[in-house]
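Quick look at structure10.cif (mmCIF, C-alpha atoms):
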```
data_final
#
loop_
_atom_site.label_atom_id
_atom_site.label_comp_id
_atom_site.auth_asym_id
_atom_site.auth_seq_id
_atom_site.Cartn_x
_atom_site.Cartn_y
_atom_site.Cartn_z
CA MET A 1 -88.16 124.66 -19.55
CA SER A 2 -86.70 125.61 -22.91
CA ASN A 3 -82.99 125.70 -23.71
CA LYS A 4 -81.03 128.87 -22.85
CA GLU A 5 -83.65 130.03 -20.36
CA ALA A 6 -82.19 131.64 -17.24
CA TYR A 7 -83.71 130.99 -13.85
CA ARG A 8 -82.89 131.88 -10.26
CA ASP A 9 -83.27 129.52 -7.35
CA GLU A 10 -81.96 128.49 -3.96
CA VAL A 11 -79.61 125.53 -4.40
CA PHE A 12 -78.14 123.14 -1.85
CA VAL A 13 -74.96 121.69 -3.38
CA LEU A 14 -74.80 117.89 -3.09
CA LYS A 15 -71.45 117.21 -4.77
CA VAL A 16 -68.72 118.94 -6.75
CA ARG A 17 -65.92 117.69 -8.94
CA ASP A 18 -63.34 119.26 -11.21
CA TRP A 19 -64.37 119.63 -14.85
CA GLN A 20 -61.80 120.07 -17.61
CA THR A 21 -59.07 122.64 -16.86
CA ALA A 22 -60.67 125.47 -14.93
CA ASP A 23 -64.30 124.48 -14.36
CA LYS A 24 -66.43 122.66 -11.80
CA TYR A 25 -69.26 120.22 -12.32
CA ALA A 26 -71.85 120.20 -9.54
CA VAL A 27 -75.08 118.48 -8.61
CA GLY A 28 -77.42 120.41 -6.39
CA PHE A 29 -80.95 120.21 -5.09
CA SER A 30 -82.96 123.39 -5.57
CA LYS A 31 -86.04 124.73 -3.86
CA ASN A 32 -88.18 125.14 -6.98
CA HIS A 33 -86.55 122.98 -9.67
CA GLY A 34 -85.52 119.83 -7.81
CA LYS A 35 -82.20 118.22 -8.66
CA VAL A 36 -80.04 120.21 -11.07
CA SER A 37 -76.66 119.42 -12.64
CA PHE A 38 -74.61 122.39 -13.74
CA ILE A 39 -71.19 123.60 -14.85
CA ALA A 40 -69.48 126.53 -13.15
CA TYR A 41 -67.07 127.76 -15.82
CA GLY A 42 -63.81 129.20 -14.51
CA ALA A 43 -64.77 128.32 -10.93
CA ARG A 44 -61.43 126.72 -10.08
CA TYR A 45 -59.65 129.99 -10.85
CA GLY A 46 -61.95 132.20 -8.79
CA LYS A 47 -63.87 133.74 -11.66
CA ALA A 48 -66.04 136.70 -10.66
CA ASN A 49 -69.37 134.90 -11.27
CA GLY A 50 -69.14 133.36 -7.79
CA GLY A 51 -68.16 129.91 -9.01
CA ARG A 52 -65.53 129.65 -6.27
CA LEU A 53 -68.46 129.42 -3.82
CA VAL A 54 -69.62 126.15 -5.41
CA GLN A 55 -68.51 123.75 -2.69
CA PRO A 56 -70.12 120.60 -1.25
CA PHE A 57 -73.02 121.41 1.10
CA ALA A 58 -73.01 125.14 0.28
CA GLU A 59 -76.38 126.89 0.18
CA LEU A 60 -76.49 129.23 -2.80
CA ASP A 61 -78.71 131.87 -4.30
CA ALA A 62 -77.90 130.94 -7.90
CA THR A 63 -78.80 132.09 -11.38
CA LEU A 64 -78.50 129.26 -13.89
CA VAL A 65 -79.00 128.94 -17.63
CA SER A 66 -80.68 125.72 -18.71
CA GLY A 67 -79.05 123.47 -21.29
CA ARG A 68 -79.49 120.08 -22.94
CA ARG A 69 -77.13 118.05 -20.77
CA PHE A 70 -76.15 120.46 -18.01
CA ASP A 71 -77.18 123.87 -16.85
CA THR A 72 -74.61 126.66 -16.62
CA LEU A 73 -73.97 128.76 -13.55
CA GLN A 74 -74.33 132.42 -14.45
CA GLN A 75 -73.74 133.82 -10.97
CA CYS A 76 -74.30 132.94 -7.33
CA GLU A 77 -74.06 134.20 -3.77
CA LEU A 78 -74.07 132.40 -0.47
CA LEU A 79 -77.45 132.29 1.22
CA SER A 80 -75.67 132.21 4.56
CA ALA A 81 -72.08 132.16 5.71
CA PRO A 82 -70.75 128.59 5.76
CA ARG A 83 -70.01 127.05 9.14
CA PRO A 84 -67.02 124.73 9.62
CA MET A 85 -67.73 121.00 9.59
CA ASP A 86 -65.65 118.41 11.39
CA LEU A 87 -64.80 115.09 9.73
CA PRO A 88 -67.76 113.11 11.16
CA THR A 89 -70.22 115.80 10.05
CA LEU A 90 -68.76 115.78 6.55
CA ALA A 91 -68.91 111.98 6.42
CA TYR A 92 -72.53 111.67 7.52
CA GLY A 93 -73.50 114.66 5.40
CA ALA A 94 -72.05 112.92 2.36
CA VAL A 95 -74.32 109.91 2.99
CA ILE A 96 -77.44 112.10 3.09
CA ALA A 97 -76.39 114.09 0.01
CA GLU A 98 -75.60 110.98 -2.03
CA ALA A 99 -78.91 109.36 -1.09
CA VAL A 100 -80.77 112.47 -2.25
CA GLU A 101 -78.88 112.45 -5.53
CA ASN A 102 -79.61 108.76 -6.13
CA LEU A 103 -83.31 108.85 -5.23
CA THR A 104 -84.39 111.97 -7.11
CA GLU A 105 -84.94 112.91 -10.74
CA GLU A 106 -83.59 115.93 -12.59
CA ASN A 107 -85.84 119.01 -12.61
CA SER A 108 -88.58 117.44 -10.53
CA GLN A 109 -89.70 119.97 -7.94
CA GLN A 110 -89.84 118.61 -4.38
CA GLU A 111 -89.50 121.52 -1.98
CA GLU A 112 -89.96 119.15 0.98
CA ILE A 113 -86.66 117.45 0.13
CA TYR A 114 -84.89 120.80 -0.11
CA ILE A 115 -86.20 121.71 3.36
CA LEU A 116 -85.21 118.27 4.67
CA LEU A 117 -81.63 118.80 3.46
CA LYS A 118 -81.31 122.15 5.21
CA GLN A 119 -82.81 120.83 8.43
CA ALA A 120 -80.74 117.65 8.45
CA PHE A 121 -77.43 119.46 7.93
CA SER A 122 -78.32 121.89 10.70
CA LEU A 123 -79.05 119.01 13.10
CA LEU A 124 -75.84 117.20 12.15
CA ARG A 125 -73.90 119.97 13.91
CA THR A 126 -75.84 119.76 17.18
CA HIS A 127 -77.32 116.26 17.56
CA ASN A 128 -76.29 112.62 17.27
CA LYS A 129 -74.99 112.51 13.70
CA ARG A 130 -75.65 108.83 13.19
CA LEU A 131 -79.26 109.10 14.31
CA VAL A 132 -79.87 112.28 12.31
CA THR A 133 -78.57 110.54 9.18
CA VAL A 134 -80.81 107.51 9.66
CA ALA A 135 -83.81 109.77 10.34
CA ALA A 136 -83.08 111.81 7.21
CA LEU A 137 -82.91 108.64 5.10
CA CYS A 138 -86.21 107.38 6.52
CA LYS A 139 -87.89 110.68 5.68
CA LEU A 140 -86.24 110.82 2.26
CA LEU A 141 -87.59 107.40 1.29
CA CYS A 142 -91.11 108.57 2.11
CA LEU A 143 -90.76 111.89 0.28
CA SER A 144 -89.36 110.24 -2.85
CA GLY A 145 -92.11 107.63 -3.09
CA PHE A 146 -90.29 104.61 -1.65
CA ALA A 147 -91.88 104.45 1.80
CA PRO A 148 -91.64 100.85 3.05
CA GLN A 149 -94.65 98.96 4.40
CA LEU A 150 -94.08 98.63 8.16
CA ILE A 151 -97.43 97.78 9.76
CA SER A 152 -98.73 94.74 7.88
CA CYS A 153 -97.07 91.87 6.04
CA THR A 154 -96.39 92.73 2.40
CA SER A 155 -97.30 89.17 1.40
CA CYS A 156 -100.39 88.11 3.37
CA HIS A 157 -101.33 91.62 4.57
CA GLY A 158 -101.77 90.37 8.12
CA GLU A 159 -100.75 92.70 10.93
CA VAL A 160 -97.22 92.21 12.22
CA HIS A 161 -97.02 92.47 16.01
CA GLU A 162 -93.58 91.24 17.08
CA ASP A 163 -90.22 90.57 15.47
CA ALA A 164 -90.47 90.18 11.72
CA TYR A 165 -88.35 90.32 8.57
CA PHE A 166 -87.78 92.97 5.92
CA SER A 167 -88.02 92.21 2.21
CA THR A 168 -86.17 94.66 -0.04
CA VAL A 169 -87.95 93.14 -3.05
CA GLN A 170 -91.46 93.53 -1.64
CA GLY A 171 -90.64 96.82 0.04
CA GLY A 172 -91.57 96.15 3.63
CA VAL A 173 -92.03 93.76 6.51
CA VAL A 174 -92.84 90.08 6.14
CA CYS A 175 -94.27 87.88 8.88
CA ASP A 176 -92.84 84.53 10.01
CA CYS A 177 -95.34 82.60 7.90
CA CYS A 178 -94.43 84.31 4.62
CA ILE A 179 -90.62 84.42 4.61
CA SER A 180 -88.89 83.06 1.51
CA GLY A 181 -85.25 83.27 2.60
CA GLU A 182 -84.12 86.56 1.05
CA GLU A 183 -85.43 88.74 3.88
CA LEU A 184 -83.41 90.55 6.53
CA PRO A 185 -84.21 90.17 10.24
CA PHE A 186 -86.16 93.23 11.35
CA ALA A 187 -86.90 93.31 15.06
CA GLU A 188 -89.88 95.08 16.55
CA GLY A 189 -87.55 97.68 18.06
CA ALA A 190 -86.03 98.55 14.67
CA ARG A 191 -89.47 98.83 13.11
CA GLU A 192 -90.75 101.07 15.90
CA LEU A 193 -87.62 103.21 15.60
CA MET A 194 -88.20 103.72 11.89
CA LEU A 195 -91.83 104.70 12.49
CA LYS A 196 -90.63 107.18 15.12
CA LEU A 197 -87.97 108.72 12.84
CA VAL A 198 -90.29 109.12 9.87
CA THR A 199 -92.52 111.44 11.90
CA LEU A 200 -89.75 113.11 13.94
CA ASP A 201 -90.03 116.91 13.91
CA PHE A 202 -86.70 118.15 12.56
CA GLU A 203 -87.46 121.72 13.66
CA GLN A 204 -87.89 120.73 17.30
CA PRO A 205 -86.78 117.10 17.71
CA ASP A 206 -87.78 115.56 21.01
CA LYS A 207 -85.40 113.46 23.10
CA PHE A 208 -85.80 109.70 23.22
CA VAL A 209 -83.75 106.61 24.01
CA VAL A 210 -82.46 104.42 21.19
CA ARG A 211 -81.09 100.90 21.58
CA GLY A 212 -77.84 100.43 19.71
CA ALA A 213 -78.93 97.07 18.29
CA ASP A 214 -82.12 98.57 16.86
CA LEU A 215 -80.25 101.46 15.27
CA MET A 216 -77.66 99.16 13.71
CA GLN A 217 -80.33 96.84 12.29
CA LEU A 218 -82.27 99.79 10.88
CA GLU A 219 -79.09 101.18 9.28
CA GLN A 220 -78.28 97.90 7.59
CA THR A 221 -81.86 97.52 6.35
CA LEU A 222 -81.99 101.08 5.00
CA TYR A 223 -78.71 100.80 3.13
CA ARG A 224 -79.74 97.47 1.57
CA PHE A 225 -83.14 98.90 0.61
CA LEU A 226 -81.56 102.02 -0.94
CA LEU A 227 -79.24 99.84 -2.99
CA PHE A 228 -82.15 97.76 -4.26
CA GLN A 229 -84.25 100.80 -5.18
CA THR A 230 -81.50 102.74 -6.99
CA ASP A 231 -79.08 99.99 -8.07
CA LYS A 232 -76.35 102.38 -6.88
CA PRO A 233 -74.22 101.60 -3.82
CA LEU A 234 -73.63 104.55 -1.50
CA ARG A 235 -69.93 105.24 -2.02
CA SER A 236 -69.90 107.58 0.95
CA LEU A 237 -70.41 104.57 3.24
CA GLN A 238 -66.82 103.54 2.45
CA PHE A 239 -65.65 106.85 3.90
CA LEU A 240 -67.69 106.23 7.06
CA ALA A 241 -66.14 102.79 7.41
CA GLN A 242 -62.62 104.14 6.93
CA ILE A 243 -62.92 106.70 9.70
CA ASP A 244 -64.58 104.08 11.93
CA LEU A 245 -67.45 106.01 13.48
CA GLY A 246 -69.03 102.94 15.02
CA THR A 247 -71.85 102.53 12.49
CA GLY A 248 -73.35 99.34 11.21
CA VAL A 249 -71.56 99.83 7.90
CA ASP A 250 -70.01 96.70 6.43
CA LYS A 251 -66.27 97.30 6.22
CA GLY A 252 -65.66 94.36 3.94
#
```
Go ahead and express the file in the form of structure tokens.
Amino acid sequence: MSNKEAYRDEVFVLKVRDWQTADKYAVGFSKNHGKVSFIAYGARYGKANGGRLVQPFAELDATLVSGRRFDTLQQCELLSAPRPMDLPTLAYGAVIAEAVENLTEENSQQEEIYILLKQAFSLLRTHNKRLVTVAALCKLLCLSGFAPQLISCTSCHGEVHEDAYFSTVQGGVVCDCCISGEELPFAEGARELMLKLVTLDFEQPDKFVVRGADLMQLEQTLYRFLLFQTDKPLRSLQFLAQIDLGTGVDKG
């Protein structure tokens, strides 16, 4: 895409911050252009181009002008009227949004991730927020090319049947015979839960029972794996820990 070219797309806003005196800087994930960073000039003063609508987790029909460092918002409208979010929904939503930002590249089209974002935020309002977040992260890893190896040992390639370990370096499970000491415990229940969540239908999710210990272990493994892959800690996890939602987040 050449400089100064205008384009229109559906954009899910991942984060927003103030920029200079009257502007906003935003990162969004679009349907046809992937992750986009843009400036909404005058947005903090309610300028008529719709910049005031640029808020975290808003779904926009936006016209943007491409630029070298950032794109520029020309105008936008809401795709749908925003629904109120309580504090837990905002907190878990922030984790999903930050993970998408960290795992994706600018202007790399991945419509599946855009759909995942919309589905996940819809489910956050009606289903177990903690489980929806973990499921979204499992799916996101697969869609962004970081799917972990869960069936066979990443070292000897033998099939893993029972409790095993997870290597963030090797990107998957390791059997008892191949552990080196850096791996995380990864019980059979946590592994089966991850396999279940990766294939979970977000349009019509079925009901199933989840053991708290398996969910906590999967959370801890996912967050460690995300950190290794991106070299960026999820800052939104600090917010989760502060409001004490009973997750496996390390509060230290």
**Request:** Using all atoms listed in the file, find all polymer residues with an atom at most 12 Å away from the point (-78.1, 122.7, 10.9); report them as a list in words.
**Result:**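 Counting all atoms listed in the file, I find these residues within 12 Å of (-78.1, 122.7, 10.9): Phe57, Glu59, Ser80, Pro82, Arg83, Pro84, Met85, Thr89, Gly93, Ile115, Leu116, Leu117, Lys118, Gln119, Ala120, Phe121, Ser122, Leu123, Leu124, Arg125, Thr126, His127, Lys129, Val132, Phe202, Glu203 and Gln204 of chain A.
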**Request:** Tell me which residues the PyMOL selection byres ((chain A and resi 32) around 10) grabs here, as a ChimeraX atom specification.
**Result:** /A:8-11,29-31,33-35,107-111,114
**Message:** Which residues are close to Leu140 of chain A, i.e. within 9 Å by all atoms listed in the file, leaving aside same-chain residues fewer than 3 positions away? Reply as a list in words.
**Reply:**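 Within the cut-off, the hits are Ile96, Ala99, Val100, Leu103, Ile113, Leu116, Ala135, Ala136, Leu137, Leu143, Ser144, Gly145, Phe146, Ala147 and Val198 of chain A.
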**Message:** Ranking A:Ala190, A:Ala241, A:Leu141, A:Leu53 by minimum distance to Gly171 of chain A and counting only C-alpha atoms, which one comes first?
**Reply:**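 Counting only C-alpha atoms, the residue closest to Gly171 of chain A is A:Leu141.
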**Message:** With the PyMOL selection byres ((chain A and resi 226) around 10) as the selection, what would be picked from this file? Answer as an MDAnalysis selection string, please.
**Reply:** chainID A and resid 99 102:103 137 141 146 168 221:225 227:234
**Prompt:** Where does the PyMOL selection byres ((chain A and resi 236) around 8) land in this file, that is, which residues does it pick, as a PyMOL selection string?
**Reply:** chain A and resi 91+94-95+98+234-235+237-240
**Asked** Which of these residues is nearest to Lys4 of chain A, using all atoms listed in the file: A:Leu64, A:Leu218, A:Leu184, A:Ile151?
**Response**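 Ranked by minimum distance to Lys4 of chain A, first place goes to A:Leu64.
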**Complete:** Computed gap from atom CA of Phe70 of chain A to atom CA of Tyr92 of chain A is 27.2 Å
8 Å contact set for Leu193 of chain A, all atoms listed in the file, chain neighbours under 6 positions out, as a PDB file with C-alpha atoms, in the coordinates of the input:
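Contents of selection02.pdb, freshly written:
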```pdb
ATOM      1  CA  VAL A 210     -82.460 104.420  21.190  1.00  0.00           C
ATOM      2  CA  ASP A 214     -82.120  98.570  16.860  1.00  0.00           C
ATOM      3  CA  LEU A 215     -80.250 101.460  15.270  1.00  0.00           C
ATOM      4  CA  LEU A 218     -82.270  99.790  10.880  1.00  0.00           C
TER       5      LEU A 218
END
```
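With all atoms listed in the file as the atoms that count, the minimum distance from Tyr25 of chain A to the choices A:Gln149, A:Thr72, A:Ser180, A:Ser66 is reached by A:Thr72.
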**Request:** Please measure the separation of atom CA of Gln75 of chain A and atom CA of Glu112 of chain A, giving the value in Å to one decimal.
**Result:**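 For atom CA of Gln75 of chain A relative to atom CA of Glu112 of chain A, the distance reads 24.9 Å.
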**Request:** List the neighbours of Val27 of chain A out to 8 Å using all atoms listed in the file; skip same-chain residues closer than 5 positions along the sequence, and give me the result as a list in words.
**Result:**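 Result of the neighbour search: Val13, Leu14, Lys15, Val16, Lys35, Val36, Ser37, Phe38 and Glu101 of chain A.
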